[in-house]
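Structure data follow from run.cif (mmCIF, C-alpha atoms and all ligand atoms):
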```
data_my_file
#
loop_
_atom_site.group_PDB
_atom_site.id
_atom_site.type_symbol
_atom_site.label_atom_id
_atom_site.label_comp_id
_atom_site.auth_asym_id
_atom_site.auth_seq_id
_atom_site.Cartn_x
_atom_site.Cartn_y
_atom_site.Cartn_z
ATOM 1 C CA MET A 1 83.126 211.408 -24.169
ATOM 2 C CA HIS A 2 86.808 211.010 -24.954
ATOM 3 C CA ASP A 3 86.110 209.538 -28.429
ATOM 4 C CA PHE A 4 84.087 212.584 -29.302
ATOM 5 C CA PHE A 5 87.284 214.639 -28.930
ATOM 6 C CA ASN A 6 89.176 212.506 -31.424
ATOM 7 C CA GLU A 7 91.677 211.304 -28.910
ATOM 8 C CA SER A 8 94.540 209.040 -29.818
ATOM 9 C CA ILE A 9 97.637 207.716 -28.135
ATOM 10 C CA LEU A 10 100.825 207.707 -30.173
ATOM 11 C CA GLN A 11 104.137 206.279 -29.072
ATOM 12 C CA ILE A 12 107.037 208.722 -29.554
ATOM 13 C CA THR A 13 109.773 206.353 -28.430
ATOM 14 C CA GLN A 14 110.277 203.874 -25.619
ATOM 15 C CA ASP A 15 108.204 205.011 -22.593
ATOM 16 C CA ALA A 16 107.184 208.316 -24.232
ATOM 17 C CA PHE A 17 103.675 208.972 -25.538
ATOM 18 C CA LEU A 18 101.588 211.711 -27.117
ATOM 19 C CA LEU A 19 97.946 211.736 -26.033
ATOM 20 C CA THR A 20 96.272 214.021 -28.559
ATOM 21 C CA GLY A 21 93.341 216.032 -27.277
ATOM 22 C CA TYR A 22 93.468 214.320 -23.905
ATOM 23 C CA ALA A 23 92.810 217.496 -21.883
ATOM 24 C CA LEU A 24 89.947 218.755 -24.083
ATOM 25 C CA PRO A 25 86.972 217.180 -22.269
ATOM 26 C CA GLU A 26 87.876 218.993 -19.017
ATOM 27 C CA MET A 27 89.398 222.078 -20.638
ATOM 28 C CA THR A 28 86.931 224.657 -19.290
ATOM 29 C CA THR A 29 87.639 223.684 -15.696
ATOM 30 C CA ILE A 30 91.363 223.265 -16.296
ATOM 31 C CA TRP A 31 91.696 226.737 -17.777
ATOM 32 C CA GLN A 32 89.631 228.303 -14.974
ATOM 33 C CA ASP A 33 91.813 226.574 -12.397
ATOM 34 C CA VAL A 34 95.055 227.642 -14.097
ATOM 35 C CA GLN A 35 93.838 231.257 -14.151
ATOM 36 C CA SER A 36 92.979 231.037 -10.483
ATOM 37 C CA VAL A 37 96.487 229.732 -9.674
ATOM 38 C CA ILE A 38 98.255 232.502 -11.596
ATOM 39 C CA SER A 39 96.054 235.161 -10.004
ATOM 40 C CA GLN A 40 97.467 234.048 -6.628
ATOM 41 C CA ALA A 41 100.986 233.166 -7.778
ATOM 42 C CA PRO A 42 101.928 235.673 -10.481
ATOM 43 C CA LEU A 43 103.854 234.471 -13.512
ATOM 44 C CA CYS A 44 107.371 235.854 -13.437
ATOM 45 C CA ASN A 45 110.510 235.991 -15.507
ATOM 46 C CA MET A 46 113.112 233.710 -13.982
ATOM 47 C CA GLN A 47 116.801 234.310 -14.404
ATOM 48 C CA THR A 48 119.097 231.428 -15.328
ATOM 49 C CA PRO A 49 122.298 230.726 -13.365
ATOM 50 C CA GLY A 50 124.118 232.253 -16.357
ATOM 51 C CA GLY A 51 122.294 235.544 -15.796
ATOM 52 C CA HIS A 52 119.939 235.492 -18.787
ATOM 53 C CA TYR A 53 116.190 235.833 -18.475
ATOM 54 C CA MET A 54 114.158 232.934 -19.815
ATOM 55 C CA SER A 55 111.735 233.839 -22.610
ATOM 56 C CA VAL A 56 108.854 232.102 -20.783
ATOM 57 C CA GLN A 57 107.082 233.373 -17.674
ATOM 58 C CA THR A 58 106.780 230.882 -14.851
ATOM 59 C CA ALA A 59 104.650 230.031 -11.819
ATOM 60 C CA SER A 60 103.746 226.805 -10.001
ATOM 61 C CA CYS A 61 101.153 225.107 -7.863
ATOM 62 C CA GLY A 62 101.489 222.137 -5.540
ATOM 63 C CA GLU A 63 103.824 221.666 -2.581
ATOM 64 C CA LEU A 64 106.907 222.552 -4.606
ATOM 65 C CA GLY A 65 107.580 224.948 -7.437
ATOM 66 C CA TRP A 66 110.516 224.970 -9.835
ATOM 67 C CA VAL A 67 112.521 228.176 -9.540
ATOM 68 C CA SER A 68 115.683 229.549 -11.076
ATOM 69 C CA ASP A 69 117.982 232.441 -10.278
ATOM 70 C CA ARG A 70 121.704 233.245 -10.261
ATOM 71 C CA LYS A 71 122.174 230.581 -7.572
ATOM 72 C CA GLY A 72 120.799 227.795 -9.778
ATOM 73 C CA TYR A 73 117.759 225.670 -10.583
ATOM 74 C CA ARG A 74 115.851 224.071 -7.729
ATOM 75 C CA TYR A 75 112.471 223.365 -6.187
ATOM 76 C CA SER A 76 111.126 225.720 -3.548
ATOM 77 C CA PRO A 77 107.991 225.641 -1.368
ATOM 78 C CA ILE A 78 107.543 229.413 -1.800
ATOM 79 C CA HIS A 79 107.034 231.848 -4.656
ATOM 80 C CA PRO A 80 110.257 233.875 -5.071
ATOM 81 C CA LEU A 81 108.467 237.248 -5.396
ATOM 82 C CA THR A 82 105.472 236.951 -3.062
ATOM 83 C CA GLY A 83 107.217 234.825 -0.414
ATOM 84 C CA GLN A 84 103.958 232.851 -0.089
ATOM 85 C CA ALA A 85 103.457 229.098 -0.370
ATOM 86 C CA TRP A 86 102.453 228.010 -3.872
ATOM 87 C CA PRO A 87 98.691 227.561 -4.347
ATOM 88 C CA THR A 88 97.389 224.027 -3.766
ATOM 89 C CA MET A 89 97.299 221.913 -6.901
ATOM 90 C CA PRO A 90 93.666 221.995 -8.095
ATOM 91 C CA ASP A 91 91.962 218.583 -8.221
ATOM 92 C CA SER A 92 91.173 219.042 -11.922
ATOM 93 C CA LEU A 93 94.898 219.324 -12.684
ATOM 94 C CA ARG A 94 96.012 216.478 -10.436
ATOM 95 C CA GLN A 95 93.352 214.171 -11.854
ATOM 96 C CA LEU A 96 94.251 215.031 -15.439
ATOM 97 C CA ALA A 97 97.948 214.330 -14.783
ATOM 98 C CA GLN A 98 97.270 211.060 -12.974
ATOM 99 C CA SER A 99 94.879 209.740 -15.569
ATOM 100 C CA ALA A 100 97.173 210.703 -18.472
ATOM 101 C CA ALA A 101 100.101 208.974 -16.745
ATOM 102 C CA GLY A 102 97.965 205.855 -16.233
ATOM 103 C CA LYS A 103 96.935 205.869 -19.885
ATOM 104 C CA ALA A 104 100.638 205.891 -20.845
ATOM 105 C CA GLY A 105 101.376 202.960 -18.536
ATOM 106 C CA PHE A 106 102.606 204.812 -15.440
ATOM 107 C CA ALA A 107 100.277 203.824 -12.625
ATOM 108 C CA ASP A 108 100.476 205.639 -9.279
ATOM 109 C CA PHE A 109 101.880 208.924 -10.518
ATOM 110 C CA ASN A 110 101.788 211.255 -7.557
ATOM 111 C CA PRO A 111 102.804 214.779 -8.629
ATOM 112 C CA ASP A 112 103.692 217.327 -5.948
ATOM 113 C CA SER A 113 104.541 220.081 -8.440
ATOM 114 C CA CYS A 114 102.868 221.628 -11.464
ATOM 115 C CA LEU A 115 105.014 224.123 -13.334
ATOM 116 C CA ILE A 116 103.113 226.664 -15.427
ATOM 117 C CA ASN A 117 105.107 228.128 -18.303
ATOM 118 C CA GLN A 118 103.603 230.914 -20.399
ATOM 119 C CA TYR A 119 104.970 231.392 -23.911
ATOM 120 C CA MET A 120 104.131 234.605 -25.698
ATOM 121 C CA VAL A 121 104.773 234.656 -29.465
ATOM 122 C CA GLY A 122 108.511 234.191 -30.057
ATOM 123 C CA ALA A 123 109.226 232.508 -26.719
ATOM 124 C CA ARG A 124 111.023 229.168 -26.775
ATOM 125 C CA MET A 125 112.619 226.584 -24.517
ATOM 126 C CA GLY A 126 116.104 225.309 -25.274
ATOM 127 C CA LEU A 127 116.941 221.601 -25.172
ATOM 128 C CA HIS A 128 117.279 220.374 -21.590
ATOM 129 C CA GLN A 129 116.702 217.393 -19.325
ATOM 130 C CA ASP A 130 114.288 217.504 -16.370
ATOM 131 C CA LYS A 131 116.684 216.331 -13.694
ATOM 132 C CA ASP A 132 116.109 218.473 -10.600
ATOM 133 C CA GLU A 133 113.765 215.813 -9.157
ATOM 134 C CA HIS A 134 114.711 213.030 -6.740
ATOM 135 C CA ASP A 135 112.757 210.083 -8.080
ATOM 136 C CA PHE A 136 113.293 209.265 -11.741
ATOM 137 C CA THR A 137 110.896 206.313 -11.554
ATOM 138 C CA GLN A 138 108.061 208.882 -11.667
ATOM 139 C CA PRO A 139 107.181 210.174 -15.141
ATOM 140 C CA ILE A 140 106.690 213.699 -16.477
ATOM 141 C CA VAL A 141 103.251 214.771 -17.680
ATOM 142 C CA SER A 142 103.149 217.831 -19.930
ATOM 143 C CA VAL A 143 99.886 219.503 -20.972
ATOM 144 C CA SER A 144 99.631 222.053 -23.793
ATOM 145 C CA LEU A 145 97.097 224.896 -23.843
ATOM 146 C CA GLY A 146 96.638 227.696 -26.353
ATOM 147 C CA LEU A 147 98.822 228.326 -29.406
ATOM 148 C CA PRO A 148 100.423 225.324 -31.093
ATOM 149 C CA ALA A 149 104.109 224.482 -30.653
ATOM 150 C CA THR A 150 106.768 222.233 -32.067
ATOM 151 C CA PHE A 151 108.113 219.973 -29.342
ATOM 152 C CA LEU A 152 111.622 218.659 -29.867
ATOM 153 C CA PHE A 153 112.243 215.274 -28.314
ATOM 154 C CA GLY A 154 115.656 213.654 -28.336
ATOM 155 C CA GLY A 155 117.540 210.962 -26.500
ATOM 156 C CA THR A 156 119.413 210.939 -23.216
ATOM 157 C CA ARG A 157 122.510 212.582 -24.708
ATOM 158 C CA ARG A 158 122.457 216.222 -25.758
ATOM 159 C CA ASN A 159 123.669 215.443 -29.261
ATOM 160 C CA ASP A 160 121.144 212.680 -29.943
ATOM 161 C CA LYS A 161 118.901 213.380 -32.902
ATOM 162 C CA THR A 162 115.603 215.061 -31.995
ATOM 163 C CA ILE A 163 112.216 214.465 -33.544
ATOM 164 C CA LYS A 164 109.671 217.238 -34.005
ATOM 165 C CA ILE A 165 106.246 216.684 -32.532
ATOM 166 C CA PRO A 166 103.462 219.180 -33.245
ATOM 167 C CA LEU A 167 101.579 220.009 -30.046
ATOM 168 C CA HIS A 168 98.097 221.513 -30.047
ATOM 169 C CA HIS A 169 95.701 222.888 -27.472
ATOM 170 C CA GLY A 170 94.682 219.997 -25.227
ATOM 171 C CA ASP A 171 97.502 217.601 -26.128
ATOM 172 C CA VAL A 172 99.368 215.762 -23.380
ATOM 173 C CA VAL A 173 102.864 214.254 -23.553
ATOM 174 C CA VAL A 174 103.958 211.668 -20.993
ATOM 175 C CA TRP A 175 107.528 210.417 -20.683
ATOM 176 C CA GLY A 176 109.268 208.290 -18.095
ATOM 177 C CA GLY A 177 111.163 205.010 -17.684
ATOM 178 C CA ALA A 178 113.811 204.702 -20.401
ATOM 179 C CA SER A 179 112.913 208.218 -21.628
ATOM 180 C CA ARG A 180 112.754 209.960 -18.253
ATOM 181 C CA LEU A 181 115.991 211.860 -18.855
ATOM 182 C CA SER A 182 115.455 212.542 -22.547
ATOM 183 C CA TYR A 183 116.444 215.971 -23.820
ATOM 184 C CA HIS A 184 113.493 218.068 -24.958
ATOM 185 C CA GLY A 185 112.657 221.643 -25.889
ATOM 186 C CA VAL A 186 110.170 223.869 -27.672
ATOM 187 C CA SER A 187 110.747 225.872 -30.881
ATOM 188 C CA SER A 188 109.875 229.546 -31.014
ATOM 189 C CA ILE A 189 106.085 230.024 -30.825
ATOM 190 C CA LYS A 190 104.525 231.362 -34.017
ATOM 191 C CA SER A 191 101.897 234.061 -33.947
ATOM 192 C CA GLY A 192 98.282 233.015 -33.828
ATOM 193 C CA ASP A 193 95.119 233.418 -31.794
ATOM 194 C CA ASN A 194 93.632 230.644 -29.692
ATOM 195 C CA ALA A 195 89.905 230.872 -28.958
ATOM 196 C CA LEU A 196 90.407 230.341 -25.215
ATOM 197 C CA LEU A 197 93.904 231.712 -24.430
ATOM 198 C CA GLY A 198 94.419 234.332 -27.138
ATOM 199 C CA MET A 199 97.945 234.968 -28.397
ATOM 200 C CA ARG A 200 99.897 232.716 -26.080
ATOM 201 C CA ARG A 201 100.696 229.148 -25.166
ATOM 202 C CA ILE A 202 100.690 227.728 -21.669
ATOM 203 C CA ASN A 203 102.363 224.466 -20.753
ATOM 204 C CA LEU A 204 101.714 222.612 -17.515
ATOM 205 C CA THR A 205 104.471 220.241 -16.414
ATOM 206 C CA PHE A 206 103.571 217.821 -13.631
ATOM 207 C CA ARG A 207 106.336 216.170 -11.677
ATOM 208 C CA LYS A 208 107.071 214.366 -8.452
ATOM 209 C CA ALA A 209 109.860 216.633 -7.318
ATOM 210 C CA GLY A 210 110.407 215.916 -3.633
HETATM 211 C C1 LIG A 301 109.523 222.131 -20.523
HETATM 212 O O1 LIG A 301 110.113 221.163 -20.895
HETATM 213 O O2 LIG A 301 109.843 222.678 -19.473
HETATM 214 C C2 LIG A 301 108.377 222.716 -21.308
HETATM 215 C C3 LIG A 301 107.801 221.810 -22.336
HETATM 216 C C4 LIG A 301 106.691 222.481 -23.103
HETATM 217 O O3 LIG A 301 106.503 223.706 -22.985
HETATM 218 O O4 LIG A 301 105.985 221.796 -23.862
HETATM 219 FE FE FE2 A 302 111.393 220.183 -19.411
#
```
Can I see the file as C-alpha cells?
Amino acid sequence: MHDFFNESILQITQDAFLLTGYALPEMTTIWQDVQSVISQAPLCNMQTPGGHYMSVQTASCGELGWVSDRKGYRYSPIHPLTGQAWPTMPDSLRQLAQSAAGKAGFADFNPDSCLINQYMVGARMGLHQDKDEHDFTQPIVSVSLGLPATFLFGGTRRNDKTIKIPLHHGDVVVWGGASRLSYHGVSSIKSGDNALLGMRRINLTFRKAG
C-alpha cells in the first residue's frame, strides 16, 4: 500500500526526517476528520504578543490547543472564541502522527495537541522554535495538506543557515532529539489549486504539550 504511493524517508539533519507522501494512503479520512474538527472549532486569526495578526488561521484538536494573544503564546484547553473544549483528536490523526514518529525513530510519541494552521495564498510563517511544550524528549510531527510550500529548516540558533525543503500534499516532517528546538518556518504560499483542498494549504502539527 505505502509503496504504491511512492513513499520515501529522507534525512534532513540529525533527528529530522521528511517522509514524502506518508499521509496519502489515509488522506480521504484525514481530510474528512480535519473538516469535522474545524466545523466544531472554527479557524481564527490569532494575534501575536506584539499585536500583529498572524497570516495563518488557526484551530486545534486534542486536550490542548496552541493559542496566542496580546498576553503571549501558550496552550489552552479551550477555544478562545467559542469557550468550548477543543474537539477530541480523531483516531485517524493520532495514528498517523504516531506511526510517522515511529518511522522516524521516535517510538511512543503520545501527542495531546494537534494544531491546524490554514495558509491561504500569500500566507507564511516566520522562523521560530516550537518551545511552549514541557517535554522536549517528544518529537514534533508536521503533516502537509493542499498547496505546496517551501519549508525552511535551520539549526538551534536563529542565525544558523536554513535549508529549503519542498513540501507537498501528504508529506510529513518529523523532528526531535538534537533537532527538537531547531528554527523553522514556511515561505509565502504561491497560488495554485489542489484537487482536494482548493486554493489553500493546511498544516497539522502534532505535539505533546502538557
Ligand atoms: C509551524 O511550524 O508552526 C508550521 C509548519 C508548517 O506549516 O509546515
Ligand atoms: Fe513550528
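Using all atoms listed in the file for every distance, the candidate list A:Leu93, A:Leu18, A:Met120, A:Ala100 yields A:Met120 as the residue closest to Gln57 (chain A).
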Expand the PyMOL selection byres (((chain A and resi 7-10) around 6) and not hetatm) into the individual residues it matches in the shown file, reporting them as a PyMOL selection string.
chain A and resi 3+5-6+11+17-21
Pick out the residues no farther than 6 Å from ligand LIG 301 (chain A), counting all atoms listed in the file, and list them as a JSON list (two decimals) with C-alpha atoms, keeping the file's coordinate frame.
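As a result, selection_12.json now contains:
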```json
[["chain", "number", "residue", "atom", "x", "y", "z"],
["A", 185, "GLY", "CA", 112.66, 221.64, -25.89],
["A", 186, "VAL", "CA", 110.17, 223.87, -27.67],
["A", 203, "ASN", "CA", 102.36, 224.47, -20.75]]
```
Contacts of chain A with ligand FE2 302 (chain A) up to 7 Å, shortest pair per row, all atoms listed in the file, as a Markdown table:
```
| residue | atom | partner | partner_atom | distance |
| --- | --- | --- | --- | --- |
| A:His128 | CA | A:FE2_302 | FE | 6.3 |
| A:Gln129 | CA | A:FE2_302 | FE | 6.0 |
| A:Asp130 | CA | A:FE2_302 | FE | 5.0 |
| A:His184 | CA | A:FE2_302 | FE | 6.3 |
| A:Gly185 | CA | A:FE2_302 | FE | 6.8 |
```
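Using all atoms listed in the file, the contacts of Arg124 (chain A) at a cut-off of 8 Å, with sequence neighbours closer than 4 positions omitted, comprise Ser55, Val56, Tyr119, Gly185, Val186, Ser187, Ser188 and Ile189 of chain A.
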Using 9 Å as the limit and counting all atoms listed in the file, can you tabulate each residue of region 16-51 of chain A that touches region 61-74 of chain A, with its shortest atom-to-atom distance in Å and the two atoms involved, as CSV?
```
residue,atom,partner,partner_atom,distance
A:Val37,CA,A:Cys61,CA,6.8
A:Ile38,CA,A:Cys61,CA,8.8
A:Ala41,CA,A:Cys61,CA,8.1
A:Met46,CA,A:Ser68,CA,5.7
A:Gln47,CA,A:Asp69,CA,4.7
A:Thr48,CA,A:Asp69,CA,5.3
A:Pro49,CA,A:Arg70,CA,4.0
A:Gly50,CA,A:Arg70,CA,6.6
A:Gly51,CA,A:Arg70,CA,6.0
```
Could you please take those selected residues and save C-alpha atoms as a short mmCIF file (atom, residue, chain, number, x, y, z; two decimals), keeping the file's coordinate frame?
```cif
data_model
loop_
_atom_site.label_atom_id
_atom_site.label_comp_id
_atom_site.auth_asym_id
_atom_site.auth_seq_id
_atom_site.Cartn_x
_atom_site.Cartn_y
_atom_site.Cartn_z
CA VAL A 37 96.49 229.73 -9.67
CA ILE A 38 98.26 232.50 -11.60
CA ALA A 41 100.99 233.17 -7.78
CA MET A 46 113.11 233.71 -13.98
CA GLN A 47 116.80 234.31 -14.40
CA THR A 48 119.10 231.43 -15.33
CA PRO A 49 122.30 230.73 -13.36
CA GLY A 50 124.12 232.25 -16.36
CA GLY A 51 122.29 235.54 -15.80
#
```
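Candidate residues A:Ile140, A:Ala101, A:Val34, A:Ala107 were compared for distance to Thr88 (chain A), and the nearest is A:Val34, using all atoms listed in the file.
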Given the file above and the PyMOL selection byres (((chain A and resi 207) around 12) and not hetatm), which residues are selected, and can you give them as a PyMOL selection string?
chain A and resi 60-66+75+89+93-94+97-98+101+109-116+130-143+174-176+180+204-206+208-210
CA of Ala195 (chain A) to CA of Leu152 (chain A): how many Å, to one decimal?
24.9 Å
For CA of Pro87 (chain A) and CA of Tyr22 (chain A), quote the distance in Å rounded to one decimal.
24.2 Å
Given 6 Å on each side, where is the centre and what are the edge lengths in Å to one decimal of the axis-aligned box enclosing the listed atoms of region 33-40 of chain A, as lines of an AutoDock Vina configuration file?
```
center_x = 95.0
center_y = 230.9
center_z = -10.4
size_x = 18.4
size_y = 20.6
size_z = 19.5
```
I'd like to see the residues matched by the PyMOL selection byres (((chain A and resi 82) around 12) and not hetatm) on this file, and ideally I'd get them as a ChimeraX atom specification.
/A:39-44,59,77-81,83-87
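Distances from A:Asn117, A:Gln14, A:Ser144, A:Ser92 to Thr58 (chain A) were compared using all atoms listed in the file, and the smallest one belongs to A:Asn117.
In this comparison, which uses all atoms listed in the file, the residue of A:His169, A:Gly122, A:Asp15, A:Ala149 approaching Met27 (chain A) most closely is A:His169.
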For CA of Thr150 (chain A) and CA of Val173 (chain A), the interatomic separation in Å (one decimal):
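Spanning CA of Thr150 (chain A) to CA of Val173 (chain A) is a straight-line distance of 12.3 Å.
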Closest of A:Thr13, A:Asn45, A:Ser36, A:Gln95 to Gly154 (chain A) - atom-to-atom distances counting all atoms listed in the file
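Going through A:Thr13, A:Asn45, A:Ser36, A:Gln95 one by one, the smallest distance to Gly154 (chain A) is for A:Thr13.
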Which of A:Ile202, A:Ser76, A:His52, A:Asp91 sits closest to Asp33 (chain A) [using all atoms listed in the file]
A:Asp91
Starting from the point (103.1, 232.0, -33.3), work out which residues of protein, DNA or RNA have an atom no more than 7 Å away when counting all atoms listed in the file; state them as a list in words.
Val121, Gly122, Leu147, Ile189, Lys190, Ser191 and Gly192 of chain A
